[in-house]
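Colleague: What follows is upload-v4.txt, made up of compact mmCIF, C-alpha atoms:
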```txt
# COMPACT_ATOMS: atom_id res chain seq x y z
CA MET L 1 16.71 -15.67 -9.48
CA ILE L 2 14.06 -13.51 -11.16
CA PHE L 3 14.31 -9.79 -10.51
CA ASP L 4 11.88 -7.84 -12.64
CA LYS L 5 11.46 -4.34 -11.23
CA LYS L 6 8.30 -3.95 -13.29
CA ALA L 7 6.59 -5.95 -10.54
CA PHE L 8 7.07 -2.93 -8.26
CA SER L 9 4.98 -0.82 -10.60
CA ARG L 10 2.01 -3.07 -9.81
CA ILE L 11 1.86 -1.62 -6.28
CA SER L 12 -0.91 1.00 -6.04
CA TYR L 13 -0.26 4.53 -4.76
CA GLY L 14 -1.98 7.86 -4.50
CA VAL L 15 -0.35 11.23 -5.15
CA TYR L 16 0.09 13.62 -2.21
CA ILE L 17 1.78 16.85 -1.21
CA ILE L 18 3.72 16.49 2.04
CA SER L 19 4.41 19.87 3.66
CA SER L 20 6.28 21.09 6.70
CA LYS L 21 7.55 24.25 8.32
CA TRP L 22 10.83 25.00 10.04
CA GLN L 23 11.29 28.39 11.73
CA ASP L 24 9.85 30.84 9.19
CA ARG L 25 10.32 28.63 6.13
CA ILE L 26 7.72 26.37 4.60
CA ASN L 27 8.11 23.70 1.95
CA GLY L 28 6.15 20.91 0.32
CA MET L 29 6.82 18.03 -2.03
CA ILE L 30 5.03 15.33 -3.97
CA ALA L 31 5.03 11.86 -2.42
CA THR L 32 3.26 8.64 -3.34
CA THR L 33 4.23 6.48 -0.38
CA VAL L 34 1.64 7.33 2.23
CA PHE L 35 -0.35 4.81 4.22
CA GLN L 36 -2.28 4.49 7.43
CA VAL L 37 -0.44 2.29 9.95
CA THR L 38 -2.82 2.10 12.88
CA SER L 39 -6.45 2.86 13.50
CA GLU L 40 -6.31 3.33 17.29
CA PRO L 41 -4.73 5.85 17.57
CA SER L 42 -4.94 7.03 13.97
CA ALA L 43 -1.43 7.15 12.60
CA VAL L 44 0.04 7.42 9.13
CA ALA L 45 3.42 6.67 7.54
CA VAL L 46 5.22 8.69 4.87
CA THR L 47 8.55 7.86 3.27
CA ILE L 48 10.79 10.80 2.35
CA ASN L 49 14.18 10.97 0.66
CA LYS L 50 16.85 12.33 3.02
CA GLN L 51 18.06 14.78 0.37
CA ASN L 52 14.73 16.58 0.19
CA LEU L 53 14.30 19.91 1.97
CA THR L 54 10.96 18.71 3.35
CA HIS L 55 12.82 15.85 5.06
CA GLU L 56 14.95 18.39 6.92
CA PHE L 57 11.89 20.42 7.94
CA ILE L 58 9.98 17.35 9.20
CA GLU L 59 12.99 16.06 11.09
CA LYS L 60 13.47 19.40 12.83
CA SER L 61 9.87 20.43 13.43
CA LYS L 62 8.37 16.92 13.96
CA PHE L 63 5.21 17.99 12.13
CA PHE L 64 3.93 17.49 8.61
CA SER L 65 0.75 17.67 6.58
CA ILE L 66 -0.53 15.42 3.80
CA THR L 67 -2.74 16.86 1.07
CA VAL L 68 -4.54 14.22 -1.00
CA LEU L 69 -4.61 15.52 -4.58
CA ALA L 70 -7.63 15.32 -6.90
CA GLN L 71 -7.54 13.39 -10.17
CA GLU L 72 -8.00 16.68 -12.05
CA THR L 73 -4.77 18.20 -10.67
CA SER L 74 -2.75 19.71 -13.53
CA PHE L 75 0.62 18.47 -14.58
CA ASN L 76 2.04 21.94 -13.92
CA PHE L 77 0.85 21.93 -10.34
CA ILE L 78 2.39 18.52 -9.70
CA GLY L 79 5.61 19.60 -11.41
CA ARG L 80 5.84 22.66 -9.19
CA PHE L 81 5.87 20.52 -6.04
CA GLY L 82 7.43 17.37 -7.47
CA PHE L 83 10.26 18.24 -9.76
CA ARG L 84 11.75 21.41 -8.29
CA THR L 85 13.44 22.05 -4.97
CA GLY L 86 12.22 24.52 -2.40
CA ARG L 87 15.85 25.51 -1.85
CA GLU L 88 15.65 27.56 -5.06
CA PHE L 89 12.15 29.02 -5.13
CA ASP L 90 9.01 29.48 -3.09
CA LYS L 91 6.72 26.60 -4.07
CA PHE L 92 3.78 28.17 -2.22
CA LYS L 93 3.75 31.44 -4.18
CA ASP L 94 0.30 31.82 -5.79
CA VAL L 95 -0.88 28.52 -4.21
CA SER L 96 -3.87 28.38 -1.83
CA TYR L 97 -2.87 26.95 1.50
CA LYS L 98 -3.67 27.43 5.14
CA GLU L 99 -1.52 27.32 8.23
CA GLY L 100 -2.32 24.09 10.03
CA ILE L 101 -2.70 23.77 13.78
CA SER L 102 0.89 22.52 14.02
CA GLY L 103 2.21 25.30 11.83
CA SER L 104 2.71 23.02 8.83
CA PRO L 105 1.26 24.56 5.69
CA VAL L 106 -1.69 22.60 4.27
CA VAL L 107 -2.15 22.90 0.50
CA ILE L 108 -5.82 23.54 -0.33
CA ASP L 109 -5.57 23.93 -4.14
CA ASN L 110 -6.56 20.65 -5.83
CA ALA L 111 -7.13 19.00 -2.42
CA VAL L 112 -9.59 16.17 -1.91
CA GLY L 113 -8.68 16.18 1.77
CA TYR L 114 -5.80 16.63 4.16
CA ILE L 115 -4.24 15.12 7.26
CA GLU L 116 -2.01 16.92 9.73
CA ALA L 117 0.30 14.82 11.88
CA GLU L 118 2.94 14.90 14.59
CA VAL L 119 5.96 12.61 14.24
CA ILE L 120 5.91 9.99 17.00
CA SER L 121 8.47 7.63 15.53
CA GLN L 122 10.78 7.30 12.56
CA LEU L 123 12.79 4.58 10.86
CA ASP L 124 15.98 5.03 8.86
CA VAL L 125 15.74 2.92 5.70
CA GLY L 126 18.94 4.01 3.96
CA THR L 127 18.31 6.68 1.33
CA HIS L 128 14.90 7.43 2.90
CA THR L 129 13.24 7.86 6.29
CA ILE L 130 9.81 6.53 7.18
CA PHE L 131 8.10 9.06 9.45
CA ILE L 132 5.19 7.82 11.56
CA GLY L 133 2.76 10.60 12.37
CA LYS L 134 -0.06 10.60 14.86
CA VAL L 135 -3.00 12.34 13.21
CA MET L 136 -3.86 15.69 14.80
CA GLU L 137 -6.44 16.88 12.30
CA ALA L 138 -8.12 15.38 9.24
CA GLN L 139 -10.65 16.82 6.84
CA VAL L 140 -12.36 15.98 3.57
CA ILE L 141 -12.37 19.02 1.28
CA SER L 142 -14.07 17.79 -1.87
CA ALA L 143 -15.88 14.75 -3.24
CA GLN L 144 -13.59 14.54 -6.29
CA GLU L 145 -11.79 11.29 -7.05
CA PRO L 146 -8.28 11.14 -5.55
CA LEU L 147 -5.44 11.07 -8.06
CA THR L 148 -3.70 7.69 -8.18
CA TYR L 149 -0.15 7.19 -9.34
CA ALA L 150 -1.43 4.75 -11.98
CA TYR L 151 -3.67 7.48 -13.41
CA TYR L 152 -0.88 10.05 -13.30
CA HIS L 153 1.49 7.65 -15.03
CA GLN L 154 -0.81 5.93 -17.56
CA ILE L 155 -3.27 8.69 -18.42
CA LYS L 156 -1.18 11.77 -17.85
CA GLY L 157 2.17 10.24 -18.88
CA GLY L 158 3.89 11.38 -15.67
CA LYS L 159 7.08 9.93 -14.20
CA SER L 160 8.76 9.69 -10.77
CA PRO L 161 11.65 12.03 -9.95
CA LYS L 162 15.07 10.64 -9.05
CA ASN L 163 14.55 10.96 -5.28
CA ALA L 164 11.32 8.91 -5.18
CA PRO L 165 11.28 5.46 -3.54
CA THR L 166 9.59 4.23 -6.72
CA TYR L 167 12.13 5.72 -9.13
CA ILE L 168 13.20 3.43 -11.95
CA ASN L 169 16.42 4.29 -13.73
CA GLU L 170 15.28 3.48 -17.23
CA SER L 171 18.70 3.94 -18.82
CA LYS L 172 20.08 1.40 -16.35
CA GLU L 173 17.22 -1.01 -16.93
CA LYS L 174 18.09 -1.45 -20.61
CA MET X 1 -10.09 20.73 15.86
CA ILE X 2 -11.46 18.87 12.85
CA PHE X 3 -11.10 15.12 12.92
CA ASP X 4 -12.94 13.50 10.05
CA LYS X 5 -11.72 9.93 9.58
CA LYS X 6 -13.28 9.91 6.11
CA ALA X 7 -10.18 11.81 5.01
CA PHE X 8 -8.20 8.59 5.59
CA SER X 9 -10.32 6.81 3.01
CA ARG X 10 -8.93 9.19 0.37
CA ILE X 11 -5.52 7.48 0.65
CA SER X 12 -5.03 5.05 -2.25
CA TYR X 13 -4.10 1.40 -1.70
CA GLY X 14 -3.79 -1.84 -3.60
CA VAL X 15 -4.91 -5.25 -2.34
CA TYR X 16 -2.24 -7.87 -1.66
CA ILE X 17 -1.72 -11.27 -0.08
CA ILE X 18 1.21 -11.30 2.35
CA SER X 19 2.47 -14.82 3.02
CA SER X 20 5.09 -16.40 5.21
CA LYS X 21 6.30 -19.77 6.49
CA TRP X 22 7.42 -20.87 9.92
CA GLN X 23 8.79 -24.39 10.35
CA ASP X 24 6.36 -26.56 8.37
CA ARG X 25 3.42 -24.16 8.54
CA ILE X 26 2.46 -21.60 5.92
CA ASN X 27 -0.04 -18.76 6.11
CA GLY X 28 -1.16 -15.74 4.15
CA MET X 29 -3.41 -12.73 4.68
CA ILE X 30 -4.87 -9.77 2.83
CA ALA X 31 -3.10 -6.43 3.32
CA THR X 32 -3.51 -3.04 1.69
CA THR X 33 -0.61 -1.20 3.27
CA VAL X 34 2.31 -2.07 1.03
CA PHE X 35 4.74 0.42 -0.44
CA GLN X 36 8.24 0.61 -1.83
CA VAL X 37 10.58 2.48 0.53
CA THR X 38 13.86 2.60 -1.36
CA SER X 39 14.97 2.03 -4.90
CA GLU X 40 18.66 1.26 -4.23
CA PRO X 41 18.52 -1.36 -2.84
CA SER X 42 14.93 -2.25 -3.66
CA ALA X 43 13.03 -2.49 -0.41
CA VAL X 44 9.35 -2.59 0.50
CA ALA X 45 7.31 -1.93 3.65
CA VAL X 46 4.27 -3.87 4.86
CA THR X 47 2.21 -3.13 7.96
CA ILE X 48 0.78 -6.14 9.80
CA ASN X 49 -1.42 -6.40 12.88
CA LYS X 50 0.39 -8.11 15.76
CA GLN X 51 -2.58 -10.42 16.35
CA ASN X 52 -2.35 -11.99 12.91
CA LEU X 53 -0.74 -15.41 12.50
CA THR X 54 1.22 -14.10 9.51
CA HIS X 55 2.80 -11.52 11.84
CA GLU X 56 4.14 -14.32 14.00
CA PHE X 57 5.50 -16.22 10.99
CA ILE X 58 7.23 -13.12 9.53
CA GLU X 59 8.70 -12.19 12.88
CA LYS X 60 10.13 -15.68 13.37
CA SER X 61 11.21 -16.51 9.82
CA LYS X 62 12.20 -12.97 8.71
CA PHE X 63 10.82 -13.68 5.24
CA PHE X 64 7.57 -12.82 3.47
CA SER X 65 6.06 -12.64 0.01
CA ILE X 66 3.66 -10.10 -1.48
CA THR X 67 1.22 -11.17 -4.19
CA VAL X 68 -0.36 -8.26 -6.07
CA LEU X 69 -3.96 -9.28 -6.79
CA ALA X 70 -5.75 -8.70 -10.10
CA GLN X 71 -8.86 -6.54 -10.37
CA GLU X 72 -10.87 -9.65 -11.33
CA THR X 73 -10.11 -11.47 -8.07
CA SER X 74 -13.34 -12.88 -6.63
CA PHE X 75 -14.83 -11.80 -3.37
CA ASN X 76 -14.62 -15.40 -2.14
CA PHE X 77 -10.90 -15.57 -2.76
CA ILE X 78 -10.30 -12.32 -0.89
CA GLY X 79 -12.55 -13.50 1.95
CA ARG X 80 -10.60 -16.74 2.26
CA PHE X 81 -7.37 -14.83 2.94
CA GLY X 82 -8.80 -11.69 4.49
CA PHE X 83 -11.57 -12.58 6.88
CA ARG X 84 -10.55 -15.94 8.33
CA THR X 85 -7.58 -16.95 10.44
CA GLY X 86 -5.01 -19.54 9.43
CA ARG X 87 -5.11 -20.80 13.01
CA GLU X 88 -8.36 -22.55 12.17
CA PHE X 89 -8.01 -23.79 8.61
CA ASP X 90 -5.52 -24.19 5.78
CA LYS X 91 -5.95 -21.11 3.59
CA PHE X 92 -3.76 -22.60 0.85
CA LYS X 93 -5.91 -25.71 0.28
CA ASP X 94 -6.98 -25.74 -3.40
CA VAL X 95 -5.04 -22.50 -4.06
CA SER X 96 -2.21 -22.34 -6.62
CA TYR X 97 1.01 -21.23 -5.03
CA LYS X 98 4.70 -21.93 -5.31
CA GLU X 99 7.41 -22.21 -2.71
CA GLY X 100 9.52 -19.07 -2.98
CA ILE X 101 13.31 -19.02 -2.76
CA SER X 102 13.06 -18.03 0.92
CA GLY X 103 10.51 -20.74 1.67
CA SER X 104 7.62 -18.25 1.88
CA PRO X 105 4.64 -19.45 -0.14
CA VAL X 106 3.84 -17.21 -3.11
CA VAL X 107 0.18 -17.17 -4.16
CA ILE X 108 -0.10 -17.50 -7.95
CA ASP X 109 -3.92 -17.61 -8.29
CA ASN X 110 -5.21 -14.15 -9.30
CA ALA X 111 -1.68 -12.74 -9.20
CA VAL X 112 -0.60 -9.80 -11.34
CA GLY X 113 2.89 -10.17 -9.90
CA TYR X 114 4.76 -10.96 -6.73
CA ILE X 115 7.68 -9.82 -4.60
CA GLU X 116 9.65 -11.94 -2.16
CA ALA X 117 11.54 -10.17 0.59
CA GLU X 118 13.79 -10.65 3.60
CA VAL X 119 13.14 -8.53 6.70
CA ILE X 120 16.05 -6.14 7.27
CA SER X 121 14.34 -3.84 9.75
CA GLN X 122 11.07 -3.44 11.62
CA LEU X 123 9.26 -0.74 13.54
CA ASP X 124 6.76 -1.25 16.34
CA VAL X 125 3.82 1.11 15.80
CA GLY X 126 1.54 -0.05 18.61
CA THR X 127 -1.13 -2.46 17.37
CA HIS X 128 0.89 -3.10 14.19
CA THR X 129 4.46 -3.69 13.04
CA ILE X 130 5.97 -2.20 9.89
CA PHE X 131 8.30 -4.78 8.35
CA ILE X 132 10.92 -3.51 5.90
CA GLY X 133 11.92 -6.18 3.42
CA LYS X 134 14.82 -6.18 1.01
CA VAL X 135 13.53 -7.60 -2.27
CA MET X 136 15.00 -11.00 -3.13
CA GLU X 137 12.87 -11.82 -6.14
CA ALA X 138 10.21 -9.98 -8.15
CA GLN X 139 8.15 -11.06 -11.11
CA VAL X 140 5.25 -9.86 -13.23
CA ILE X 141 2.79 -12.70 -13.81
CA SER X 142 0.03 -11.12 -15.87
CA ALA X 143 -0.82 -7.87 -17.63
CA GLN X 144 -4.18 -7.58 -15.82
CA GLU X 145 -5.00 -4.41 -13.91
CA PRO X 146 -4.06 -4.60 -10.22
CA LEU X 147 -6.96 -4.52 -7.77
CA THR X 148 -7.14 -1.27 -5.84
CA TYR X 149 -8.80 -0.92 -2.47
CA ALA X 150 -11.05 1.80 -3.96
CA TYR X 151 -12.28 -0.67 -6.59
CA TYR X 152 -12.78 -3.42 -4.02
CA HIS X 153 -14.70 -1.04 -1.77
CA GLN X 154 -16.73 1.00 -4.30
CA ILE X 155 -17.35 -1.53 -7.06
CA LYS X 156 -17.33 -4.79 -5.13
CA GLY X 157 -18.75 -3.40 -1.88
CA GLY X 158 -15.95 -4.88 0.22
CA LYS X 159 -14.90 -3.75 3.70
CA SER X 160 -11.78 -3.90 5.88
CA PRO X 161 -11.56 -6.49 8.67
CA LYS X 162 -11.11 -5.41 12.28
CA ASN X 163 -7.35 -5.96 12.32
CA ALA X 164 -6.61 -3.72 9.31
CA PRO X 165 -4.76 -0.41 9.79
CA THR X 166 -7.55 1.17 7.74
CA TYR X 167 -10.41 -0.31 9.76
CA ILE X 168 -13.22 2.10 10.58
CA ASN X 169 -15.51 1.19 13.44
CA GLU X 170 -18.74 2.33 11.86
CA SER X 171 -20.85 1.74 14.95
CA LYS X 172 -18.48 4.00 16.88
CA GLU X 173 -18.50 6.63 14.17
CA LYS X 174 -22.21 7.27 14.54
```
Could you show the structure in this file as structure tokens?
Modeller:
Amino acid sequence: MIFDKKAFSRISYGVYIISSKWQDRINGMIATTVFQVTSEPSAVAVTINKQNLTHEFIEKSKFFSITVLAQETSFNFIGRFGFRTGREFDKFKDVSYKEGISGSPVVIDNAVGYIEAEVISQLDVGTHTIFIGKVMEAQVISAQEPLTYAYYHQIKGGKSPKNAPTYINESKEK
Amino acid sequence: MIFDKKAFSRISYGVYIISSKWQDRINGMIATTVFQVTSEPSAVAVTINKQNLTHEFIEKSKFFSITVLAQETSFNFIGRFGFRTGREFDKFKDVSYKEGISGSPVVIDNAVGYIEAEVISQLDVGTHTIFIGKVMEAQVISAQEPLTYAYYHQIKGGKSPKNAPTYINESKEK
């Protein structure tokens, strides 16, 4: 049986910030696994690691936002949302965002567009949950190219953090 | 409330052939909504319209394969799998494929790589079903660039068929 995990890296992804609010706390994180699931009504799926603070906020509030990042987004900006936990610092400090209609923060810095959604269904897939969100609001913010994970990885030399669905344990692979 | 469906087109996708077998019949279709959901164990999600023949085959057999298409894949090849139904003709005639370990056909023509999976969970999302498949086999076939939906759409001028999660009814949009 052939099991070459490199085949997984041939799947194409974008790079997004998923944000949510619970009570008076807001948080956001980088995700790559976003897709539209239905057209009528418009609904999207996001897959989030159960250990992430954003997972807790989405599960409790039932709302989230997706910011589609531009190709030009800096490594630092991605690192701020992708490789640190909101349990230890305020990721939104000095970041442009607006309060969405659901209360979820919507990151505006480096945004090509955003989608705000309400959770209508969710599926437990072990280490992660797939949240299905009915789209409440959607807007294009700029005509820049969206950042793809391939671009982030190949051109910028970026990696996936340990909690990502696409994480490859390179030490284990050898 | 702002509801601009163009924001959905900023989500990044690849272009894949999802195939399955039921009894002595095989079928395959183009999909864009594929992502990895967990790393341990390796599992992937695909979203399929309930009206598609491949949906019926996956639901009955509980197995499917994903072929990641190369950027160079011809329009004709995509059209064969994407815009016609296997109820009316044999999509695999004159196409290179192999029988996977689960029985699902695996398209080899124009493949960058493939993944074979067994359905371990599924979620009804209205017009579509999200199938979660535990990966049984995965292989890289070529070092070519994978085809992205953005490339197919912008460079090749391709569109989504009516049954796709990403379908936009342009006549309705006006």
Colleague: At most 6 Å is the cut-off: for each residue in chain L with any atom that close to an atom of chain X, write down the nearest atom pair and the distance in Å rounded to one decimal, counting all atoms listed in the file, chain first then increasing number, as a tab-separated table.
Modeller:
```
residue	atom	partner	partner_atom	distance
L:Ile2	CA	X:Glu137	CA	5.4
L:Phe3	CA	X:Ala138	CA	4.7
L:Asp4	CA	X:Gln139	CA	5.2
L:Ala7	CA	X:Val140	CA	4.9
L:Ser12	CA	X:Gly14	CA	4.7
L:Tyr13	CA	X:Ser12	CA	5.4
L:Gly14	CA	X:Ser12	CA	4.7
L:Gln36	CA	X:Pro165	CA	6.0
L:Val37	CA	X:Pro165	CA	5.1
L:Thr38	CA	X:Pro165	CA	4.4
L:Ser39	CA	X:Pro165	CA	5.2
L:Gly113	CA	X:Ala7	CA	5.6
L:Glu137	CA	X:Phe3	CA	5.0
L:Ala138	CA	X:Phe3	CA	4.7
L:Gln139	CA	X:Asp4	CA	5.2
L:Val140	CA	X:Ala7	CA	4.9
L:Pro165	CA	X:Thr38	CA	4.4
```
Colleague: Using all atoms listed in the file, pick whichever of L:Ser65, L:Ala31, L:Ser104, L:Phe75 has the shortest atom-to-atom distance to L:Ile155.
Modeller: L:Phe75
Colleague: Point out the residue among X:Phe81, X:Gln71, X:Asp90, X:Ser102 with the least atom-to-atom distance to X:Tyr151, counting all atoms listed in the file.
Modeller: X:Gln71
Colleague: Residues within 9 Å of stretch 56-61 of chain L, please, as an MDAnalysis selection string. Count all atoms listed in the file; anything in the same chain fewer than 2 positions from it doesn't count.
Modeller: chainID L and resid 19:23 25:27 50:54 63:64 104 118:119 131
Colleague: How many Å separate atom CA of X:Glu72 from atom CA of X:Asn110?
Modeller: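 Spanning atom CA of X:Glu72 to atom CA of X:Asn110 is a straight-line distance of 7.5 Å.
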Colleague: Quick one: of L:Gly79, L:Lys156, L:Thr73, L:Gly86, who's nearest to L:Ile108, counting only C-alpha atoms?
Modeller: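 Among the listed residues, L:Thr73 lies closest to L:Ile108.
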Colleague: So the first atom is atom CA of L:Ile30 and the second is atom CA of L:Lys134; what is the distance between them in Å, to one decimal place?
Modeller: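 Calculated distance between atom CA of L:Ile30 and atom CA of L:Lys134 is 20.1 Å.
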Colleague: Quick check, in Å to one decimal: how far apart do atom CA of X:Asp109 and atom CA of X:Gly28 lie?
Modeller: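 If I compute the distance from atom CA of X:Asp109 to atom CA of X:Gly28, I get 12.9 Å.
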Colleague: Nearest to L:Gly158: which of L:Val95, L:Ala117, L:Ile78, L:Ala111 is it, counting all atoms listed in the file?
Modeller: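 Smallest distance to L:Gly158 is found for L:Ile78.
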